[in-house]
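Below is query18.csv, which holds CSV, C-alpha atoms.
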```csv
chain,number,residue,atom,x,y,z
U,1,MET,CA,42.7,-61.3,-48.6
U,2,ALA,CA,40.2,-63.9,-49.9
U,3,THR,CA,37.2,-62.5,-51.7
U,4,THR,CA,33.5,-63.4,-51.8
U,5,ASN,CA,31.3,-61.7,-54.3
U,6,TRP,CA,27.7,-60.7,-54.2
U,7,LEU,CA,25.4,-59.9,-57.1
U,8,THR,CA,21.8,-59.7,-56.0
U,9,ALA,CA,18.4,-58.8,-57.3
U,10,SER,CA,15.3,-58.6,-55.2
U,11,SER,CA,11.6,-59.1,-56.1
U,12,SER,CA,11.2,-62.0,-58.6
U,13,VAL,CA,14.4,-61.3,-60.5
U,14,PHE,CA,17.6,-63.1,-59.6
U,15,LEU,CA,20.9,-62.7,-61.5
U,16,THR,CA,22.7,-66.0,-61.9
U,17,ARG,CA,25.3,-65.2,-64.5
U,18,PRO,CA,28.2,-67.6,-64.8
U,19,VAL,CA,31.2,-66.8,-62.6
U,20,ASN,CA,33.9,-64.7,-64.3
U,21,PRO,CA,37.2,-65.2,-62.4
U,22,ARG,CA,38.1,-61.6,-63.1
U,23,LEU,CA,35.0,-60.0,-61.8
U,24,ALA,CA,34.5,-59.4,-58.1
U,25,PHE,CA,32.0,-57.3,-56.2
U,26,ALA,CA,32.6,-57.9,-52.5
U,27,SER,CA,35.2,-59.0,-50.0
U,28,ARG,CA,35.3,-61.0,-46.8
U,29,THR,CA,37.4,-60.9,-43.7
U,30,ASN,CA,38.6,-64.0,-41.9
U,31,GLN,CA,36.6,-66.1,-44.3
U,32,THR,CA,33.4,-64.4,-43.2
U,33,PRO,CA,31.4,-62.4,-45.8
U,34,CYS,CA,31.1,-58.7,-45.2
U,35,ARG,CA,27.4,-58.5,-45.6
U,36,SER,CA,25.8,-55.2,-46.0
U,37,ARG,CA,22.8,-54.4,-43.8
U,38,VAL,CA,21.9,-51.2,-45.4
U,39,SER,CA,18.2,-50.8,-46.4
U,40,PHE,CA,16.8,-47.8,-48.2
U,41,GLN,CA,13.5,-46.3,-47.1
U,42,GLY,CA,10.8,-47.2,-49.6
U,43,SER,CA,12.8,-50.1,-51.1
U,44,VAL,CA,11.1,-53.5,-51.6
U,45,LYS,CA,12.0,-56.3,-49.2
U,46,ARG,CA,15.4,-57.8,-50.0
U,47,ARG,CA,15.7,-61.5,-50.9
U,48,LEU,CA,18.6,-63.7,-50.0
U,49,PRO,CA,21.6,-62.9,-52.2
U,50,VAL,CA,23.0,-65.0,-55.0
U,51,VAL,CA,26.5,-65.8,-54.0
U,52,LEU,CA,29.2,-65.6,-56.7
U,53,SER,CA,32.3,-67.3,-55.3
U,54,MET,CA,35.5,-65.9,-56.8
U,55,THR,CA,38.9,-67.4,-55.9
U,56,ALA,CA,42.0,-65.8,-57.4
U,57,THR,CA,44.3,-68.3,-59.0
U,58,GLU,CA,47.8,-68.7,-57.6
U,59,GLU,CA,49.4,-69.6,-61.0
U,60,SER,CA,51.4,-66.9,-62.5
U,61,GLY,CA,52.5,-68.7,-65.6
U,62,GLU,CA,56.0,-69.6,-66.7
U,63,GLY,CA,56.7,-66.1,-68.1
U,64,ALA,CA,55.6,-64.4,-64.9
U,65,VAL,CA,57.8,-66.6,-62.8
U,66,LYS,CA,60.8,-66.0,-65.0
U,67,SER,CA,60.3,-62.2,-64.8
U,68,VAL,CA,61.1,-62.2,-61.1
U,69,LEU,CA,64.0,-64.7,-61.0
U,70,PRO,CA,67.1,-63.4,-59.3
U,71,GLY,CA,69.4,-61.8,-61.9
U,72,HIS,CA,66.5,-61.4,-64.3
U,73,GLY,CA,64.1,-59.6,-62.0
U,74,ILE,CA,62.2,-56.4,-61.4
U,75,SER,CA,63.1,-53.8,-58.9
U,76,ILE,CA,60.6,-51.3,-57.6
U,77,MET,CA,60.9,-48.1,-55.6
U,78,VAL,CA,57.7,-47.4,-53.7
U,79,ASN,CA,57.2,-43.7,-53.1
U,80,GLY,CA,54.9,-43.0,-50.1
U,81,CYS,CA,56.2,-46.1,-48.3
U,82,SER,CA,55.2,-44.7,-44.9
U,83,GLY,CA,51.6,-44.7,-45.9
U,84,LYS,CA,49.2,-47.6,-45.5
U,85,MET,CA,49.0,-48.2,-49.3
U,86,GLY,CA,52.7,-47.9,-49.8
U,87,LYS,CA,53.3,-50.5,-47.1
U,88,ALA,CA,50.6,-52.8,-48.5
U,89,VAL,CA,52.3,-52.6,-51.9
U,90,ILE,CA,55.7,-53.5,-50.5
U,91,LYS,CA,54.3,-56.5,-48.7
U,92,ALA,CA,52.5,-57.7,-51.9
U,93,ALA,CA,55.6,-57.1,-54.1
U,94,ASP,CA,57.8,-58.9,-51.6
U,95,SER,CA,55.5,-61.9,-51.7
U,96,ALA,CA,55.7,-61.9,-55.5
U,97,GLY,CA,59.5,-62.0,-55.4
U,98,VAL,CA,60.0,-58.5,-56.7
U,99,ASN,CA,63.1,-56.7,-55.4
U,100,ILE,CA,62.3,-53.7,-53.1
U,101,VAL,CA,64.8,-50.9,-53.5
U,102,PRO,CA,65.4,-49.5,-49.9
U,103,THR,CA,64.8,-45.9,-51.1
U,104,SER,CA,61.6,-43.9,-51.1
U,105,PHE,CA,60.4,-40.3,-51.5
U,106,GLY,CA,58.3,-38.6,-48.8
U,107,SER,CA,57.6,-35.1,-47.5
U,108,ALA,CA,60.2,-32.7,-46.1
U,109,ALA,CA,59.2,-33.7,-42.6
U,110,GLU,CA,59.8,-37.4,-43.4
U,111,ALA,CA,63.3,-36.8,-44.9
U,112,GLY,CA,65.9,-39.0,-43.2
U,113,GLN,CA,63.4,-41.3,-41.6
U,114,THR,CA,63.7,-45.1,-41.9
U,115,VAL,CA,60.6,-47.2,-42.5
U,116,GLU,CA,60.7,-50.9,-41.9
U,117,VAL,CA,58.4,-53.1,-43.9
U,118,CYS,CA,58.8,-56.9,-44.4
U,119,GLY,CA,62.1,-56.8,-42.6
U,120,LYS,CA,63.5,-54.2,-45.0
U,121,GLU,CA,64.7,-50.8,-43.9
U,122,ILE,CA,63.7,-48.1,-46.4
U,123,THR,CA,65.3,-44.7,-46.2
U,124,VAL,CA,62.9,-41.8,-47.0
U,125,HIS,CA,64.3,-38.8,-48.9
U,126,GLY,CA,62.7,-35.4,-49.0
U,127,PRO,CA,61.8,-33.2,-52.1
U,128,ALA,CA,65.2,-31.4,-52.2
U,129,GLU,CA,67.2,-34.4,-53.2
U,130,ARG,CA,64.7,-36.3,-55.3
U,131,GLU,CA,66.3,-36.0,-58.8
U,132,LYS,CA,69.8,-36.9,-57.6
U,133,VAL,CA,68.6,-39.9,-55.6
U,134,LEU,CA,66.3,-41.2,-58.3
U,135,SER,CA,69.0,-40.9,-61.0
U,136,SER,CA,71.4,-42.8,-58.8
U,137,VAL,CA,68.9,-45.6,-58.1
U,138,PHE,CA,67.9,-45.9,-61.7
U,139,GLU,CA,71.6,-46.1,-62.8
U,140,LYS,CA,72.1,-48.9,-60.2
U,141,HIS,CA,68.8,-50.7,-61.1
U,142,PRO,CA,68.1,-50.2,-64.8
U,143,GLU,CA,65.2,-52.6,-64.4
U,144,LEU,CA,63.6,-50.1,-62.0
U,145,ILE,CA,59.9,-49.3,-61.9
U,146,VAL,CA,58.6,-46.7,-59.6
U,147,VAL,CA,55.3,-47.1,-57.8
U,148,ASP,CA,53.6,-43.9,-56.6
U,149,TYR,CA,51.3,-43.8,-53.7
U,150,THR,CA,52.0,-40.3,-52.4
U,151,ILE,CA,49.5,-37.4,-52.2
U,152,PRO,CA,47.3,-35.7,-54.9
U,153,SER,CA,49.3,-32.4,-54.7
U,154,ALA,CA,52.5,-34.3,-55.6
U,155,VAL,CA,51.2,-36.2,-58.6
U,156,ASN,CA,52.3,-33.8,-61.4
U,157,ASP,CA,55.7,-32.9,-59.9
U,158,ASN,CA,56.5,-36.6,-59.4
U,159,ALA,CA,55.4,-37.5,-62.9
U,160,GLU,CA,57.6,-34.7,-64.3
U,161,LEU,CA,60.6,-36.1,-62.3
U,162,TYR,CA,60.0,-39.6,-63.4
U,163,SER,CA,59.7,-38.4,-67.0
U,164,LYS,CA,62.9,-36.3,-66.7
U,165,VAL,CA,64.9,-39.2,-65.4
U,166,GLY,CA,63.2,-41.6,-67.8
U,167,VAL,CA,62.1,-44.2,-65.3
U,168,PRO,CA,58.8,-46.1,-65.9
U,169,PHE,CA,56.2,-45.8,-63.2
U,170,VAL,CA,52.8,-47.0,-61.9
U,171,MET,CA,50.7,-44.1,-60.7
U,172,GLY,CA,48.2,-45.2,-58.1
U,173,THR,CA,47.8,-41.8,-56.5
U,174,THR,CA,44.6,-40.0,-57.3
U,175,GLY,CA,44.1,-36.3,-57.9
U,176,GLY,CA,46.4,-33.8,-59.5
U,177,ASP,CA,45.9,-32.4,-63.0
U,178,ARG,CA,45.2,-35.6,-64.9
U,179,ASN,CA,45.4,-34.0,-68.4
U,180,LYS,CA,48.8,-32.5,-67.6
U,181,LEU,CA,49.8,-35.9,-66.2
U,182,TYR,CA,49.2,-37.6,-69.5
U,183,GLU,CA,50.7,-34.8,-71.5
U,184,THR,CA,53.9,-35.1,-69.4
U,185,VAL,CA,54.3,-38.8,-70.0
U,186,GLU,CA,53.4,-38.6,-73.7
U,187,GLU,CA,56.0,-35.9,-74.3
U,188,ALA,CA,58.7,-37.8,-72.4
U,189,LYS,CA,57.8,-41.1,-74.2
U,190,ILE,CA,58.3,-43.2,-71.1
U,191,TYR,CA,56.2,-46.2,-70.0
U,192,ALA,CA,53.6,-45.8,-67.3
U,193,VAL,CA,50.4,-47.5,-65.9
U,194,ILE,CA,48.1,-44.7,-64.7
U,195,SER,CA,44.9,-45.6,-62.9
U,196,PRO,CA,43.1,-44.1,-60.0
U,197,GLN,CA,41.6,-47.5,-59.3
U,198,MET,CA,44.0,-50.4,-58.9
U,199,GLY,CA,41.6,-53.1,-57.7
U,200,LYS,CA,41.6,-55.2,-60.8
U,201,GLN,CA,38.3,-56.9,-59.9
U,202,VAL,CA,36.6,-53.5,-59.4
U,203,VAL,CA,38.1,-52.3,-62.7
U,204,ALA,CA,36.6,-55.4,-64.4
U,205,PHE,CA,33.2,-54.6,-62.9
U,206,LEU,CA,33.5,-51.1,-64.2
U,207,ALA,CA,34.5,-52.3,-67.7
U,208,ALA,CA,31.5,-54.7,-67.7
U,209,MET,CA,29.2,-51.8,-66.7
U,210,GLU,CA,30.6,-49.7,-69.6
U,211,ILE,CA,30.1,-52.5,-72.1
U,212,MET,CA,26.5,-52.9,-70.9
U,213,ALA,CA,25.8,-49.1,-71.1
U,214,GLU,CA,27.3,-49.0,-74.6
U,215,GLN,CA,25.5,-52.0,-76.0
U,216,PHE,CA,22.1,-51.6,-74.2
U,217,PRO,CA,21.5,-47.9,-73.9
U,218,GLY,CA,18.1,-47.1,-72.2
U,219,ALA,CA,17.7,-50.7,-70.8
U,220,PHE,CA,16.8,-49.3,-67.4
U,221,SER,CA,14.8,-46.3,-68.5
U,222,GLY,CA,12.3,-45.2,-65.9
U,223,TYR,CA,14.1,-47.1,-63.1
U,224,SER,CA,15.0,-45.1,-59.9
U,225,LEU,CA,18.4,-45.4,-58.4
U,226,GLU,CA,19.7,-45.2,-54.8
U,227,VAL,CA,23.4,-45.2,-54.1
U,228,MET,CA,25.2,-45.7,-50.8
U,229,GLU,CA,29.0,-45.7,-50.4
U,230,SER,CA,31.0,-46.0,-47.2
U,231,HIS,CA,34.6,-45.2,-46.8
U,232,GLN,CA,37.0,-44.3,-43.9
U,233,ALA,CA,36.2,-40.9,-42.3
U,234,SER,CA,39.3,-39.3,-43.9
U,235,LYS,CA,37.7,-39.6,-47.3
U,236,LEU,CA,35.5,-36.5,-47.6
U,237,ASP,CA,34.5,-36.6,-51.3
U,238,ALA,CA,32.3,-39.1,-53.1
U,239,SER,CA,34.0,-42.1,-54.6
U,240,GLY,CA,35.2,-41.8,-58.2
U,241,THR,CA,34.3,-45.5,-58.7
U,242,ALA,CA,30.7,-44.8,-57.6
U,243,LYS,CA,30.5,-41.8,-60.0
U,244,ALA,CA,31.8,-44.0,-62.8
U,245,VAL,CA,29.1,-46.7,-62.1
U,246,ILE,CA,26.4,-44.0,-61.9
U,247,SER,CA,27.5,-42.6,-65.2
U,248,CYS,CA,26.9,-46.0,-66.8
U,249,PHE,CA,23.4,-46.2,-65.2
U,250,GLN,CA,22.7,-42.8,-66.6
U,251,GLU,CA,23.6,-44.1,-70.1
U,252,LEU,CA,21.3,-47.0,-69.4
U,253,GLY,CA,18.4,-44.6,-69.0
U,254,VAL,CA,18.4,-43.9,-65.2
U,255,SER,CA,17.9,-40.3,-64.1
U,256,TYR,CA,20.3,-39.6,-61.2
U,257,ASP,CA,22.2,-36.6,-59.8
U,258,MET,CA,25.6,-37.2,-58.3
U,259,ASP,CA,24.8,-35.1,-55.2
U,260,GLN,CA,22.2,-37.8,-54.3
U,261,ILE,CA,24.9,-40.2,-53.3
U,262,GLN,CA,24.5,-41.2,-49.7
U,263,LEU,CA,27.9,-40.9,-48.1
U,264,ILE,CA,28.5,-42.9,-44.9
U,265,ARG,CA,31.5,-41.6,-43.0
U,266,ASP,CA,30.4,-42.1,-39.3
U,267,PRO,CA,32.2,-45.2,-37.9
U,268,LYS,CA,29.2,-46.1,-35.7
U,269,GLN,CA,26.9,-46.1,-38.7
U,270,GLN,CA,29.4,-48.0,-40.8
U,271,ILE,CA,29.6,-50.8,-38.2
U,272,GLU,CA,25.9,-51.0,-37.2
U,273,MET,CA,24.1,-50.0,-40.4
U,274,VAL,CA,26.4,-50.9,-43.2
U,275,GLY,CA,28.1,-53.9,-41.7
U,276,VAL,CA,31.7,-52.9,-42.0
U,277,PRO,CA,33.9,-55.1,-39.7
U,278,GLU,CA,35.2,-52.9,-36.9
U,279,GLU,CA,38.8,-53.7,-37.7
U,280,HIS,CA,38.3,-52.3,-41.3
U,281,VAL,CA,36.6,-49.0,-40.4
U,282,SER,CA,39.9,-47.2,-41.0
U,283,GLY,CA,40.3,-48.7,-44.5
U,284,HIS,CA,37.3,-50.0,-46.5
U,285,ALA,CA,35.1,-49.2,-49.6
U,286,PHE,CA,31.5,-50.5,-49.5
U,287,HIS,CA,29.3,-49.6,-52.4
U,288,LEU,CA,25.6,-50.4,-52.9
U,289,TYR,CA,23.5,-49.5,-56.1
U,290,HIS,CA,19.8,-50.2,-55.8
U,291,LEU,CA,17.5,-50.0,-58.9
U,292,THR,CA,13.7,-50.1,-58.7
U,293,SER,CA,11.3,-50.4,-61.6
U,294,PRO,CA,8.6,-47.6,-62.1
U,295,ASP,CA,5.9,-49.9,-60.7
U,296,LYS,CA,8.0,-51.1,-57.8
U,297,THR,CA,7.7,-54.8,-58.8
U,298,VAL,CA,11.3,-55.4,-59.9
U,299,SER,CA,14.5,-54.3,-58.3
U,300,PHE,CA,18.2,-54.9,-59.0
U,301,GLU,CA,21.0,-54.5,-56.5
U,302,PHE,CA,24.7,-54.3,-57.3
U,303,GLN,CA,27.2,-54.4,-54.4
U,304,HIS,CA,31.0,-54.4,-54.1
U,305,ASN,CA,32.6,-54.3,-50.7
U,306,VAL,CA,36.3,-54.0,-50.1
U,307,CYS,CA,37.9,-54.5,-46.6
U,308,GLY,CA,41.5,-53.4,-46.3
U,309,ARG,CA,43.9,-52.5,-49.1
U,310,SER,CA,45.1,-55.9,-50.3
U,311,ILE,CA,43.0,-55.8,-53.5
U,312,TYR,CA,44.7,-52.5,-54.5
U,313,ALA,CA,48.1,-53.7,-53.5
U,314,GLU,CA,47.8,-56.9,-55.5
U,315,GLY,CA,46.5,-55.0,-58.5
U,316,THR,CA,49.4,-52.7,-58.3
U,317,VAL,CA,51.9,-55.6,-58.3
U,318,ASP,CA,50.1,-57.0,-61.4
U,319,ALA,CA,50.5,-53.6,-63.0
U,320,VAL,CA,54.2,-53.6,-62.2
U,321,LEU,CA,54.7,-57.1,-63.7
U,322,PHE,CA,52.7,-56.0,-66.8
U,323,LEU,CA,54.7,-52.9,-67.3
U,324,ALA,CA,58.0,-54.7,-66.9
U,325,LYS,CA,57.1,-56.9,-69.9
U,326,LYS,CA,56.4,-53.8,-71.9
U,327,VAL,CA,59.6,-52.0,-70.9
U,328,LEU,CA,62.4,-54.5,-70.4
U,329,LYS,CA,64.4,-56.0,-73.2
U,330,HIS,CA,65.4,-59.2,-71.6
U,331,THR,CA,68.4,-61.5,-72.2
U,332,PRO,CA,66.9,-64.9,-73.1
U,333,PHE,CA,66.6,-67.3,-70.2
U,334,ALA,CA,67.5,-70.2,-72.5
U,335,HIS,CA,68.7,-70.6,-76.1
U,336,ASN,CA,65.1,-71.1,-77.2
U,337,ASP,CA,63.6,-68.0,-75.4
U,338,PRO,CA,63.0,-65.0,-77.6
U,339,ILE,CA,64.3,-61.6,-76.7
U,340,ARG,CA,61.4,-59.5,-75.5
U,341,LEU,CA,61.2,-56.2,-77.5
U,342,LYS,CA,59.9,-53.0,-76.1
U,343,ALA,CA,56.2,-52.3,-76.8
U,344,GLU,CA,55.2,-49.3,-79.0
U,345,GLN,CA,52.4,-48.2,-76.7
U,346,ARG,CA,53.7,-46.2,-73.7
U,347,ILE,CA,50.8,-45.3,-71.5
U,348,TYR,CA,48.5,-48.0,-70.1
U,349,ASN,CA,45.7,-48.3,-67.6
U,350,MET,CA,44.3,-51.2,-65.5
U,351,ILE,CA,42.0,-52.3,-68.4
U,352,ASP,CA,45.2,-53.0,-70.4
U,353,VAL,CA,46.5,-55.0,-67.4
U,354,LEU,CA,43.3,-57.1,-67.3
U,355,ARG,CA,43.3,-57.7,-71.1
U,356,GLU,CA,46.8,-59.1,-70.9
U,357,GLY,CA,45.4,-62.0,-68.8
U,358,ASN,CA,48.6,-62.9,-67.0
U,359,MET,CA,47.5,-61.8,-63.5
U,360,ARG,CA,48.6,-63.8,-60.5
```

Structure translated into structure tokens:
Amino acid sequence: MATTNWLTASSSVFLTRPVNPRLAFASRTNQTPCRSRVSFQGSVKRRLPVVLSMTATEESGEGAVKSVLPGHGISIMVNGCSGKMGKAVIKAADSAGVNIVPTSFGSAAEAGQTVEVCGKEITVHGPAEREKVLSSVFEKHPELIVVDYTIPSAVNDNAELYSKVGVPFVMGTTGGDRNKLYETVEEAKIYAVISPQMGKQVVAFLAAMEIMAEQFPGAFSGYSLEVMESHQASKLDASGTAKAVISCFQELGVSYDMDQIQLIRDPKQQIEMVGVPEEHVSGHAFHLYHLTSPDKTVSFEFQHNVCGRSIYAEGTVDAVLFLAKKVLKHTPFAHNDPIRLKAEQRIYNMIDVLREGNMR
């Protein structure tokens, strides 16, 4: 999905920072920006936004291309392939030339079912046969990386299985006991990318917020904050991303309680008030942070809108390619290519993926 990014400030202050190709705040559908029409009561009149146009590059770099060549490639097993995120990841991985193993794990009710994605028929196995199946797949595909988009209650059990078998994995599923998750991976000494937020541009924005909070504490002291976030109706809790951004604003001197977040879950409101395209009501993430100075003469507005799941799927594939470079000890592609040694660090997050700088 193409992306358009909005960073706006009302009153007399306009943010016109240079475009960073790794930083994205909003998305568009069918080349039309997803403009938010939310207005908060008591807020000053909004000005026209400053548009920051971001276009992801298509160049992967020679090393990235080599990593997916036939015979020297990467194979992934996507657990949760029957879900919307699982299917999105398979499509993105297939486009990147990554081999999709026709095996997946699901619930007991899904066992034996076949899911077709990108013309590939994937067999779903239930909990009872997971270890035997995974061991067999890993033996057949030693270059295997597992991608997990299952359910929160399965996070820890799945991580324990991956650790026991010794297969590296990318954990995109949220929830579970996160401390236990890290302990499991550390004890097993396997490789993993663990991140509840796989949208690399959103992660870059969060990283920038954290840097600002660390370097300029109290910069927004006295400012009031209003936060709105809209997600599909099935998401009942407040966004973890919104909470992370708010935490940064708190370090910048803003007084704000998490229970003040305005949650929009009604589809009609999402379409009419927030501006979510109707076709993305079932899968979107619109966030708006509005800051106002004590005397109401200055306001800042940060907005990041995501339509669909492609941003997370593409970020997941980047995490897979990143992890493969850390894990795999390749045979040289040519006599002058060095053998790639395994990295000492074992557990990574999306910040590490961003820092590598070899995203597609």

What would the list of residues within 8 Å of (56.5, -55.6, -49.1) (file frame) look like as a PyMOL selection string, if only C-alpha atoms are what count? chain U and resi 87-95+100+117-118

May I ask for the distance between atom CA of Val165 of chain U and atom CA of Pro102 of chain U, given in Å to one decimal place?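 These atoms are spaced 18.6 Å apart.
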
Do you know which residues are at most 12 Å from segment 103-109 of chain U counting all atoms listed in the file, after dropping those on the same chain fewer than 5 positions away, and could you put them as a ChimeraX atom specification? /U:75-83,86-87,90,114-116,120-138,141,144,146-151,153-154,158,161-162

For Tyr191 of chain U, the nearest of the candidates U:Arg355, U:Ser239, U:Val320, U:Gly315, counting all atoms listed in the file: U:Val320

Between atom CA of Val327 of chain U and atom CA of Thr173 of chain U, what is the distance, to one decimal in Å?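 Distance between the two atoms: 21.2 Å.
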
Within-6 Å shell of (46.9, -52.8, -50.7) in input frame, all atoms listed in the file, as a compact mmCIF listing (two decimals) with C-alpha atoms, in the frame of the given file:
```txt
# COMPACT_ATOMS: atom_id res chain seq x y z
CA MET U 85 49.00 -48.20 -49.30
CA ALA U 88 50.60 -52.80 -48.50
CA VAL U 89 52.30 -52.60 -51.90
CA ARG U 309 43.90 -52.50 -49.10
CA SER U 310 45.10 -55.90 -50.30
CA ILE U 311 43.00 -55.80 -53.50
CA TYR U 312 44.70 -52.50 -54.50
CA ALA U 313 48.10 -53.70 -53.50
```

With distances taken over only C-alpha atoms, which residue among U:Val170, U:Ala213, U:Ala242, U:Leu323 lies nearest Ile74 of chain U?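 Ranked by minimum distance to Ile74 of chain U, first place goes to U:Leu323.
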